[in-house]
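Text of final-v5.cif, listed as mmCIF, C-alpha atoms:
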```cif
data_query
loop_
_atom_site.group_PDB
_atom_site.id
_atom_site.type_symbol
_atom_site.label_atom_id
_atom_site.label_comp_id
_atom_site.auth_asym_id
_atom_site.auth_seq_id
_atom_site.Cartn_x
_atom_site.Cartn_y
_atom_site.Cartn_z
ATOM 1 C CA MET L 1 -36.291 -61.628 -43.066
ATOM 2 C CA THR L 2 -33.318 -63.701 -41.879
ATOM 3 C CA SER L 3 -30.052 -62.685 -43.532
ATOM 4 C CA LEU L 4 -28.122 -65.425 -45.313
ATOM 5 C CA HIS L 5 -24.411 -66.052 -45.374
ATOM 6 C CA LYS L 6 -23.052 -67.595 -48.574
ATOM 7 C CA THR L 7 -20.210 -70.105 -48.788
ATOM 8 C CA GLU L 8 -19.079 -72.442 -51.516
ATOM 9 C CA SER L 9 -19.002 -76.217 -51.162
ATOM 10 C CA ILE L 10 -18.103 -78.488 -54.111
ATOM 11 C CA GLY L 11 -18.640 -75.705 -56.575
ATOM 12 C CA LYS L 12 -22.175 -74.885 -55.401
ATOM 13 C CA PRO L 13 -23.207 -71.953 -53.231
ATOM 14 C CA VAL L 14 -24.628 -72.990 -49.864
ATOM 15 C CA THR L 15 -26.699 -70.646 -47.765
ATOM 16 C CA ILE L 16 -26.332 -70.789 -43.999
ATOM 17 C CA PRO L 17 -28.632 -68.706 -41.775
ATOM 18 C CA SER L 18 -26.722 -66.044 -39.864
ATOM 19 C CA ARG L 19 -28.615 -67.123 -36.744
ATOM 20 C CA LEU L 20 -26.751 -70.452 -36.872
ATOM 21 C CA TRP L 21 -23.432 -68.638 -36.804
ATOM 22 C CA TRP L 22 -24.653 -66.574 -33.843
ATOM 23 C CA ASN L 23 -25.697 -69.715 -31.948
ATOM 24 C CA ARG L 24 -22.271 -71.244 -32.533
ATOM 25 C CA PHE L 25 -20.602 -68.060 -31.318
ATOM 26 C CA SER L 26 -22.746 -68.008 -28.166
ATOM 27 C CA LEU L 27 -21.996 -71.672 -27.468
ATOM 28 C CA LEU L 28 -18.248 -71.110 -27.803
ATOM 29 C CA GLY L 29 -18.464 -68.073 -25.520
ATOM 30 C CA ALA L 30 -20.336 -70.024 -22.849
ATOM 31 C CA LEU L 31 -17.830 -72.887 -23.100
ATOM 32 C CA LYS L 32 -14.902 -70.482 -22.760
ATOM 33 C CA LYS L 33 -16.380 -68.920 -19.625
ATOM 34 C CA SER L 34 -17.122 -72.272 -17.984
ATOM 35 C CA ILE L 35 -14.006 -74.255 -18.948
ATOM 36 C CA VAL L 36 -12.262 -73.680 -15.603
ATOM 37 C CA ILE L 37 -15.367 -74.757 -13.679
ATOM 38 C CA LEU L 38 -15.667 -77.914 -15.802
ATOM 39 C CA LEU L 39 -11.996 -78.752 -15.208
ATOM 40 C CA PHE L 40 -12.474 -78.229 -11.465
ATOM 41 C CA LEU L 41 -15.483 -80.575 -11.407
ATOM 42 C CA LEU L 42 -13.585 -83.224 -13.388
ATOM 43 C CA LEU L 43 -10.666 -82.951 -10.964
ATOM 44 C CA TRP L 44 -13.091 -83.311 -8.061
ATOM 45 C CA GLU L 45 -14.725 -86.372 -9.617
ATOM 46 C CA PHE L 46 -11.617 -88.341 -10.534
ATOM 47 C CA SER L 47 -9.439 -87.380 -7.560
ATOM 48 C CA SER L 48 -11.983 -89.154 -5.352
ATOM 49 C CA ARG L 49 -12.389 -92.147 -7.636
ATOM 50 C CA ILE L 50 -8.649 -92.846 -7.989
ATOM 51 C CA ASN L 51 -8.067 -92.288 -4.238
ATOM 52 C CA LEU L 52 -6.018 -89.119 -4.493
ATOM 53 C CA VAL L 53 -8.193 -87.904 -1.633
ATOM 54 C CA ASP L 54 -10.172 -89.847 0.927
ATOM 55 C CA ARG L 55 -13.539 -90.633 -0.663
ATOM 56 C CA LEU L 56 -15.115 -90.746 2.768
ATOM 57 C CA PHE L 57 -14.482 -87.032 3.319
ATOM 58 C CA LEU L 58 -14.658 -85.853 -0.306
ATOM 59 C CA PRO L 59 -17.099 -88.033 -2.267
ATOM 60 C CA PRO L 60 -17.123 -87.810 -6.080
ATOM 61 C CA PHE L 61 -19.045 -84.954 -7.584
ATOM 62 C CA SER L 62 -21.503 -87.387 -9.173
ATOM 63 C CA ASP L 63 -22.393 -88.729 -5.709
ATOM 64 C CA VAL L 64 -23.035 -85.183 -4.511
ATOM 65 C CA VAL L 65 -25.272 -84.512 -7.514
ATOM 66 C CA GLN L 66 -27.161 -87.739 -6.816
ATOM 67 C CA ALA L 67 -27.649 -86.739 -3.175
ATOM 68 C CA TRP L 68 -28.780 -83.287 -4.292
ATOM 69 C CA TRP L 69 -31.341 -84.808 -6.660
ATOM 70 C CA ASN L 70 -32.656 -87.190 -3.996
ATOM 71 C CA MET L 71 -33.079 -84.284 -1.582
ATOM 72 C CA MET L 72 -34.855 -82.285 -4.251
ATOM 73 C CA VAL L 73 -37.254 -85.110 -5.118
ATOM 74 C CA SER L 74 -38.055 -85.792 -1.461
ATOM 75 C CA GLY L 75 -38.750 -82.092 -0.839
ATOM 76 C CA GLU L 76 -36.200 -81.839 1.978
ATOM 77 C CA LEU L 77 -33.913 -79.505 0.065
ATOM 78 C CA TRP L 78 -36.766 -77.240 -0.977
ATOM 79 C CA TYR L 79 -37.948 -76.962 2.645
ATOM 80 C CA HIS L 80 -34.576 -75.676 3.845
ATOM 81 C CA PHE L 81 -34.062 -73.556 0.715
ATOM 82 C CA GLU L 82 -37.436 -71.879 1.219
ATOM 83 C CA SER L 83 -36.575 -70.978 4.809
ATOM 84 C CA SER L 84 -33.215 -69.471 3.837
ATOM 85 C CA ILE L 85 -34.464 -67.556 0.803
ATOM 86 C CA PHE L 86 -37.319 -65.999 2.783
ATOM 87 C CA ARG L 87 -34.977 -64.748 5.513
ATOM 88 C CA SER L 88 -32.364 -63.437 3.091
ATOM 89 C CA VAL L 89 -34.807 -61.717 0.710
ATOM 90 C CA PHE L 90 -36.769 -60.133 3.553
ATOM 91 C CA GLY L 91 -33.646 -58.824 5.308
ATOM 92 C CA PHE L 92 -32.098 -57.724 2.006
ATOM 93 C CA SER L 93 -35.266 -55.826 1.023
ATOM 94 C CA LEU L 94 -35.422 -54.044 4.386
ATOM 95 C CA ALA L 95 -31.798 -52.986 3.953
ATOM 96 C CA LEU L 96 -32.490 -51.537 0.502
ATOM 97 C CA LEU L 97 -35.599 -49.680 1.653
ATOM 98 C CA THR L 98 -33.666 -47.978 4.456
ATOM 99 C CA ALA L 99 -30.095 -47.676 3.162
ATOM 100 C CA ILE L 100 -30.751 -46.182 -0.288
ATOM 101 C CA PRO L 101 -32.944 -43.243 0.878
ATOM 102 C CA LEU L 102 -30.597 -42.557 3.799
ATOM 103 C CA GLY L 103 -27.552 -42.731 1.524
ATOM 104 C CA LEU L 104 -29.128 -40.297 -0.956
ATOM 105 C CA LEU L 105 -29.950 -37.946 1.912
ATOM 106 C CA VAL L 106 -26.473 -38.059 3.434
ATOM 107 C CA GLY L 107 -24.746 -37.789 0.080
ATOM 108 C CA TRP L 108 -26.800 -34.837 -1.171
ATOM 109 C CA TYR L 109 -27.247 -32.698 1.961
ATOM 110 C CA PRO L 110 -24.063 -31.588 3.775
ATOM 111 C CA LEU L 111 -25.944 -31.001 7.036
ATOM 112 C CA ALA L 112 -27.199 -34.596 7.119
ATOM 113 C CA ARG L 113 -23.677 -35.821 6.379
ATOM 114 C CA ASP L 114 -22.181 -33.764 9.205
ATOM 115 C CA LEU L 115 -24.771 -35.002 11.705
ATOM 116 C CA LEU L 116 -24.745 -38.708 10.779
ATOM 117 C CA GLN L 117 -21.127 -39.256 9.739
ATOM 118 C CA PRO L 118 -19.771 -39.983 13.263
ATOM 119 C CA PHE L 119 -22.569 -42.465 13.946
ATOM 120 C CA LEU L 120 -22.022 -44.203 10.598
ATOM 121 C CA GLU L 121 -18.282 -44.445 11.162
ATOM 122 C CA LEU L 122 -18.932 -46.064 14.552
ATOM 123 C CA PHE L 123 -20.941 -48.977 13.150
ATOM 124 C CA ARG L 124 -19.593 -49.394 9.612
ATOM 125 C CA ASN L 125 -16.541 -51.329 10.823
ATOM 126 C CA THR L 126 -18.475 -53.602 13.171
ATOM 127 C CA ALA L 127 -18.716 -57.144 11.814
ATOM 128 C CA ALA L 128 -22.295 -58.352 11.576
ATOM 129 C CA LEU L 129 -21.516 -61.807 12.967
ATOM 130 C CA ALA L 130 -19.845 -60.235 16.002
ATOM 131 C CA LEU L 131 -23.245 -58.794 16.889
ATOM 132 C CA LEU L 132 -25.113 -62.056 16.365
ATOM 133 C CA PRO L 133 -25.178 -62.891 20.124
ATOM 134 C CA VAL L 134 -26.586 -59.421 20.787
ATOM 135 C CA PHE L 135 -29.348 -59.884 18.222
ATOM 136 C CA ILE L 136 -30.217 -63.289 19.691
ATOM 137 C CA LEU L 137 -30.297 -61.939 23.261
ATOM 138 C CA ILE L 138 -32.517 -58.990 22.362
ATOM 139 C CA LEU L 139 -34.710 -60.478 19.605
ATOM 140 C CA GLY L 140 -34.657 -64.167 20.519
ATOM 141 C CA ILE L 141 -33.538 -67.203 18.540
ATOM 142 C CA GLY L 142 -36.457 -67.110 16.089
ATOM 143 C CA GLU L 143 -36.928 -65.537 12.685
ATOM 144 C CA VAL L 144 -36.685 -61.911 13.810
ATOM 145 C CA SER L 145 -33.037 -62.135 14.885
ATOM 146 C CA LYS L 146 -31.999 -63.818 11.627
ATOM 147 C CA VAL L 147 -33.779 -61.257 9.468
ATOM 148 C CA ALA L 148 -32.276 -58.469 11.585
ATOM 149 C CA ILE L 149 -28.702 -59.726 11.215
ATOM 150 C CA VAL L 150 -29.154 -59.999 7.435
ATOM 151 C CA THR L 151 -30.564 -56.462 7.321
ATOM 152 C CA PHE L 152 -27.637 -55.129 9.356
ATOM 153 C CA ALA L 153 -25.071 -56.886 7.143
ATOM 154 C CA CYS L 154 -26.666 -55.651 3.903
ATOM 155 C CA PHE L 155 -27.322 -52.122 5.142
ATOM 156 C CA TRP L 156 -23.747 -50.860 5.230
ATOM 157 C CA PRO L 157 -22.428 -51.722 1.747
ATOM 158 C CA VAL L 158 -25.590 -50.271 0.178
ATOM 159 C CA LEU L 159 -25.473 -47.135 2.329
ATOM 160 C CA LEU L 160 -21.769 -46.406 1.826
ATOM 161 C CA ASN L 161 -21.886 -46.989 -1.931
ATOM 162 C CA THR L 162 -24.975 -44.792 -2.236
ATOM 163 C CA ILE L 163 -23.253 -41.948 -0.377
ATOM 164 C CA SER L 164 -20.151 -42.360 -2.528
ATOM 165 C CA ALA L 165 -22.244 -42.485 -5.707
ATOM 166 C CA VAL L 166 -23.981 -39.179 -4.971
ATOM 167 C CA ARG L 167 -20.807 -37.373 -3.905
ATOM 168 C CA ASP L 168 -18.770 -38.590 -6.891
ATOM 169 C CA VAL L 169 -21.137 -37.461 -9.644
ATOM 170 C CA ASP L 170 -19.196 -35.573 -12.317
ATOM 171 C CA PRO L 171 -19.272 -31.850 -11.380
ATOM 172 C CA LEU L 172 -19.517 -30.946 -15.070
ATOM 173 C CA LEU L 173 -22.878 -32.724 -15.264
ATOM 174 C CA ILE L 174 -24.141 -30.718 -12.297
ATOM 175 C CA LYS L 175 -22.854 -27.426 -13.734
ATOM 176 C CA SER L 176 -24.428 -28.170 -17.098
ATOM 177 C CA ALA L 177 -27.760 -28.969 -15.464
ATOM 178 C CA ARG L 178 -27.658 -25.802 -13.341
ATOM 179 C CA SER L 179 -26.900 -23.731 -16.435
ATOM 180 C CA MET L 180 -30.255 -24.963 -17.801
ATOM 181 C CA ASN L 181 -31.991 -23.483 -14.726
ATOM 182 C CA LEU L 182 -32.994 -26.857 -13.288
ATOM 183 C CA GLY L 183 -34.310 -26.750 -9.736
ATOM 184 C CA SER L 184 -32.695 -28.789 -6.996
ATOM 185 C CA PHE L 185 -35.351 -31.506 -7.015
ATOM 186 C CA LYS L 186 -35.346 -31.870 -10.803
ATOM 187 C CA LEU L 187 -31.542 -31.779 -10.852
ATOM 188 C CA PHE L 188 -31.451 -34.594 -8.316
ATOM 189 C CA CYS L 189 -34.004 -36.757 -10.187
ATOM 190 C CA SER L 190 -32.689 -36.091 -13.706
ATOM 191 C CA VAL L 191 -28.927 -36.015 -13.159
ATOM 192 C CA ILE L 192 -27.761 -37.162 -9.728
ATOM 193 C CA LEU L 193 -29.901 -40.266 -9.372
ATOM 194 C CA PRO L 194 -29.291 -41.745 -12.876
ATOM 195 C CA ALA L 195 -25.561 -41.074 -12.628
ATOM 196 C CA SER L 196 -25.449 -42.802 -9.229
ATOM 197 C CA ILE L 197 -27.116 -46.054 -10.282
ATOM 198 C CA PRO L 198 -23.953 -48.013 -11.307
ATOM 199 C CA THR L 199 -22.168 -47.331 -8.018
ATOM 200 C CA ILE L 200 -25.309 -47.989 -5.989
ATOM 201 C CA PHE L 201 -25.698 -51.360 -7.693
ATOM 202 C CA THR L 202 -22.117 -52.214 -6.775
ATOM 203 C CA GLY L 203 -23.169 -51.946 -3.143
ATOM 204 C CA ILE L 204 -26.380 -53.865 -3.820
ATOM 205 C CA ARG L 205 -24.439 -56.751 -5.370
ATOM 206 C CA MET L 206 -22.064 -56.803 -2.407
ATOM 207 C CA ALA L 207 -25.048 -56.838 -0.073
ATOM 208 C CA GLY L 208 -26.729 -59.640 -2.032
ATOM 209 C CA THR L 209 -23.702 -61.864 -1.547
ATOM 210 C CA GLY L 210 -23.313 -60.849 2.084
ATOM 211 C CA ALA L 211 -26.954 -61.625 2.807
ATOM 212 C CA ILE L 212 -26.454 -65.300 1.982
ATOM 213 C CA LEU L 213 -23.125 -65.661 3.792
ATOM 214 C CA VAL L 214 -24.265 -63.997 7.009
ATOM 215 C CA LEU L 215 -27.555 -65.881 7.032
ATOM 216 C CA ILE L 216 -25.873 -69.267 6.589
ATOM 217 C CA ALA L 217 -23.564 -68.528 9.526
ATOM 218 C CA ALA L 218 -26.530 -67.414 11.646
ATOM 219 C CA GLU L 219 -28.470 -70.563 10.770
ATOM 220 C CA MET L 220 -25.519 -72.698 11.816
ATOM 221 C CA VAL L 221 -25.618 -71.155 15.291
ATOM 222 C CA GLY L 222 -29.300 -71.431 16.061
ATOM 223 C CA ALA L 223 -32.033 -72.603 13.693
ATOM 224 C CA LYS L 224 -34.332 -75.523 13.040
ATOM 225 C CA ALA L 225 -34.527 -75.037 9.271
ATOM 226 C CA GLY L 226 -32.446 -73.480 6.535
ATOM 227 C CA LEU L 227 -29.433 -74.402 4.423
ATOM 228 C CA GLY L 228 -26.968 -73.420 7.132
ATOM 229 C CA TYR L 229 -28.788 -75.579 9.647
ATOM 230 C CA TYR L 230 -28.909 -78.517 7.248
ATOM 231 C CA ILE L 231 -25.181 -78.348 6.462
ATOM 232 C CA THR L 232 -24.375 -78.496 10.165
ATOM 233 C CA TYR L 233 -26.913 -81.297 10.694
ATOM 234 C CA ALA L 234 -25.425 -83.317 7.823
ATOM 235 C CA GLN L 235 -21.914 -82.849 9.182
ATOM 236 C CA TYR L 236 -22.851 -84.032 12.675
ATOM 237 C CA ASN L 237 -24.628 -87.092 11.261
ATOM 238 C CA PHE L 238 -21.815 -87.832 8.800
ATOM 239 C CA LEU L 239 -24.022 -87.343 5.732
ATOM 240 C CA ILE L 240 -21.090 -86.060 3.721
ATOM 241 C CA SER L 241 -22.658 -86.118 0.248
ATOM 242 C CA GLU L 242 -25.716 -84.304 1.586
ATOM 243 C CA MET L 243 -23.484 -81.753 3.283
ATOM 244 C CA TYR L 244 -21.726 -80.959 -0.002
ATOM 245 C CA ALA L 245 -25.110 -80.842 -1.730
ATOM 246 C CA GLY L 246 -26.170 -78.092 0.692
ATOM 247 C CA ILE L 247 -22.951 -76.177 0.037
ATOM 248 C CA LEU L 248 -23.472 -76.541 -3.711
ATOM 249 C CA THR L 249 -26.988 -75.144 -3.357
ATOM 250 C CA ILE L 250 -25.645 -72.077 -1.559
ATOM 251 C CA SER L 251 -23.112 -71.495 -4.354
ATOM 252 C CA LEU L 252 -25.809 -71.756 -7.030
ATOM 253 C CA LEU L 253 -28.068 -69.423 -5.064
ATOM 254 C CA GLY L 254 -25.334 -66.796 -4.775
ATOM 255 C CA LEU L 255 -24.623 -67.106 -8.503
ATOM 256 C CA LEU L 256 -28.280 -66.635 -9.415
ATOM 257 C CA ILE L 257 -28.605 -63.603 -7.148
ATOM 258 C CA ASN L 258 -25.522 -61.986 -8.668
ATOM 259 C CA TYR L 259 -26.647 -62.546 -12.265
ATOM 260 C CA GLY L 260 -30.142 -61.317 -11.424
ATOM 261 C CA LEU L 261 -28.794 -58.089 -9.949
ATOM 262 C CA VAL L 262 -26.457 -57.585 -12.911
ATOM 263 C CA SER L 263 -29.406 -57.979 -15.273
ATOM 264 C CA ILE L 264 -31.440 -55.396 -13.354
ATOM 265 C CA GLU L 265 -28.476 -53.010 -13.319
ATOM 266 C CA ARG L 266 -28.108 -53.253 -17.091
ATOM 267 C CA ARG L 267 -31.771 -52.436 -17.578
ATOM 268 C CA LEU L 268 -31.601 -49.396 -15.305
ATOM 269 C CA SER L 269 -28.340 -48.035 -16.774
ATOM 270 C CA ARG L 270 -28.839 -48.602 -20.483
ATOM 271 C CA TRP L 271 -27.921 -44.969 -21.075
ATOM 272 C CA LYS L 272 -24.351 -45.749 -19.991
ATOM 273 C CA GLN L 273 -23.887 -48.743 -22.285
ATOM 274 C CA GLU L 274 -22.220 -48.242 -25.610
ATOM 275 C CA PRO L 275 -24.361 -48.995 -28.679
ATOM 276 C CA ASN L 276 -23.668 -52.209 -30.505
ATOM 277 C CA PRO L 277 -21.610 -51.714 -33.666
ATOM 278 C CA GLN L 278 -23.559 -52.272 -36.863
#
```

structure tokens encoding of this file:
Amino acid sequence: MTSLHKTESIGKPVTIPSRLWWNRFSLLGALKKSIVILLFLLLWEFSSRINLVDRLFLPPFSDVVQAWWNMMVSGELWYHFESSIFRSVFGFSLALLTAIPLGLLVGWYPLARDLLQPFLELFRNTAALALLPVFILILGIGEVSKVAIVTFACFWPVLLNTISAVRDVDPLLIKSARSMNLGSFKLFCSVILPASIPTIFTGIRMAGTGAILVLIAAEMVGAKAGLGYYITYAQYNFLISEMYAGILTISLLGLLINYGLVSIERRLSRWKQEPNPQ
């Protein structure tokens, strides 16, 4: 049954559903978080319309939205978006499937850490885009090289955060688990892995953002489809509103990926969240 909140208006008690108060609170919270973005968009819109900036090079935000909608209706935007999202998700997934198990192995077993640490240190500081010509020479200019560069860029933040997560588990948790006569495998599954999830997801979120950025740069160099390709194409053909529409799509995509990963992290680490006060 919905709880009721009582107030007095003109001498008569009025009942207001508590859900209404919650909706108002949520709306105010969303407005507070987005106020800076709204001010930025208003500044963008009116600075172009009152000629504070050259409208030819920075069209009003409403023109960009109109171009974005036209591209969406025609299917052109979806075509390039589909190409980019496939490459980024595929490369990102390959990085997770390889980096997380390797990071758990290196973090948990000292012998593996001693053997692989020099090799990891050699490549961890190598920028992914610096190796793009190498990937293109070896794997060609097609899909394989783009997926490979995304995998390489996402691999290192996930791997390094996974190693750090395993090594930084509270020693008291490990001692307490060993005092209960837990075997190494059960200790790892019951204590080490759950305690490592927040730090691992920090690396996953970094990799999710890096996947988009590296892919867009790779598509600008050599591609026939994708958001990076379309932004470059629009620039060369002086389709300025369409160019900004492509950039806006990349920003929205990165935002959605980040919020999606945060949501998954919260579900997997509910044990760490404080209970809501009653």

Residue IDs satisfying the PyMOL selection byres ((chain L and resi 173) around 12), as number ranges by chain:
L: 168-172, 174-180, 182, 187-188, 190-195

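Once the PyMOL selection byres ((chain L and resi 88) around 8) is applied to the shown structure, the selection contains L:Ser84, L:Ile85, L:Phe86, L:Arg87, L:Val89, L:Phe90, L:Gly91, L:Phe92, L:Val147, L:Val150, L:Ala211, L:Ile212, L:Leu215.
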
Would you write out those residues with C-alpha atoms, as a tab-separated table (two decimals), in the frame of the given file?
```tsv
chain	number	residue	atom	x	y	z
L	84	SER	CA	-33.22	-69.47	3.84
L	85	ILE	CA	-34.46	-67.56	0.80
L	86	PHE	CA	-37.32	-66.00	2.78
L	87	ARG	CA	-34.98	-64.75	5.51
L	89	VAL	CA	-34.81	-61.72	0.71
L	90	PHE	CA	-36.77	-60.13	3.55
L	91	GLY	CA	-33.65	-58.82	5.31
L	92	PHE	CA	-32.10	-57.72	2.01
L	147	VAL	CA	-33.78	-61.26	9.47
L	150	VAL	CA	-29.15	-60.00	7.44
L	211	ALA	CA	-26.95	-61.62	2.81
L	212	ILE	CA	-26.45	-65.30	1.98
L	215	LEU	CA	-27.56	-65.88	7.03
```

What separation in Å, quoted to one decimal, exists between atom CA of L:Ser145 and atom CA of L:Leu115?
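Pair atom CA of L:Ser145 / atom CA of L:Leu115 returns 28.5 Å.
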
Box for stretch 219-238 of chain L - axis-aligned, 8 Å on each of the six sides, all listed atoms - centre and size in Å to one decimal, as lines of an AutoDock Vina configuration file.
```
center_x = -28.2
center_y = -79.2
center_z = 10.2
size_x = 28.7
size_y = 33.3
size_z = 27.6
```

Any idea what the distance is between atom CA of L:Leu252 and atom CA of L:Val221?
22.3 Å

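Note that the spacing between atom CA of L:Trp68 and atom CA of L:Ser48 amounts to 17.8 Å.
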
Sphere at (-24.7, -75.4, 3.6), radius 6 Å, counting all atoms listed in the file: residues as a VMD selection string:
chain L and resid 227 to 228 231 246 to 247

Please list as a count of residues only every residue within 8 Å of L:Thr232, counting all atoms listed in the file and excluding residues in the same chain fewer than 4 positions away.
4

Using all atoms listed in the file, pick whichever of L:Arg266, L:Leu248, L:Ser241, L:Phe119 has the shortest atom-to-atom distance to L:Arg55.
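Between L:Arg266, L:Leu248, L:Ser241, L:Phe119, the residue approaching L:Arg55 most closely is L:Ser241.
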
Selected residue, from L:Trp44, L:Phe152, L:Phe81, L:Phe123, that lies nearest to L:Leu94 when counting only C-alpha atoms
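Going through L:Trp44, L:Phe152, L:Phe81, L:Phe123 one by one, the smallest distance to L:Leu94 is for L:Phe152.
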
Neighbour list for L:Pro157 as a count of residues only, cut-off 7 Å, all atoms listed in the file, skip fewer than 6 positions in-chain
3

Hey, what comes out of the PyMOL selection byres ((chain L and resi 108) around 12) on this file? Could you write it as a ChimeraX atom specification?
/L:101-107,109-114,162-169,184-185,187-189,192-193,196

So, counting all atoms listed in the file, which residue among L:Ala225, L:Leu56, L:Ala234, L:Val158 is closest to L:Tyr79?
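Of the candidates, the smallest distance to L:Tyr79 is held by L:Ala225.
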
Counting all atoms listed in the file, note down every residue that has an atom within 9 Å of the point (-23.0, -64.3, -1.0) (file coordinates), as a list of chain:residue names.
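Counting all atoms listed in the file, I find these residues within 9 Å of (-23.0, -64.3, -1.0): L:Arg205, L:Met206, L:Ala207, L:Gly208, L:Thr209, L:Gly210, L:Ala211, L:Ile212, L:Leu213, L:Val214, L:Ile250, L:Ser251, L:Leu253, L:Gly254, L:Leu255, L:Ile257, L:Asn258.
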
Nearest to L:Glu219 by atom-to-atom distance, counting all atoms listed in the file, from L:Leu131, L:Val65, L:Ser34, L:Lys146
L:Lys146

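Minimum distance to L:Ile216 across L:Ile204, L:Ile149, L:Ala245, L:Leu159 (counting all atoms listed in the file) occurs at L:Ile149.
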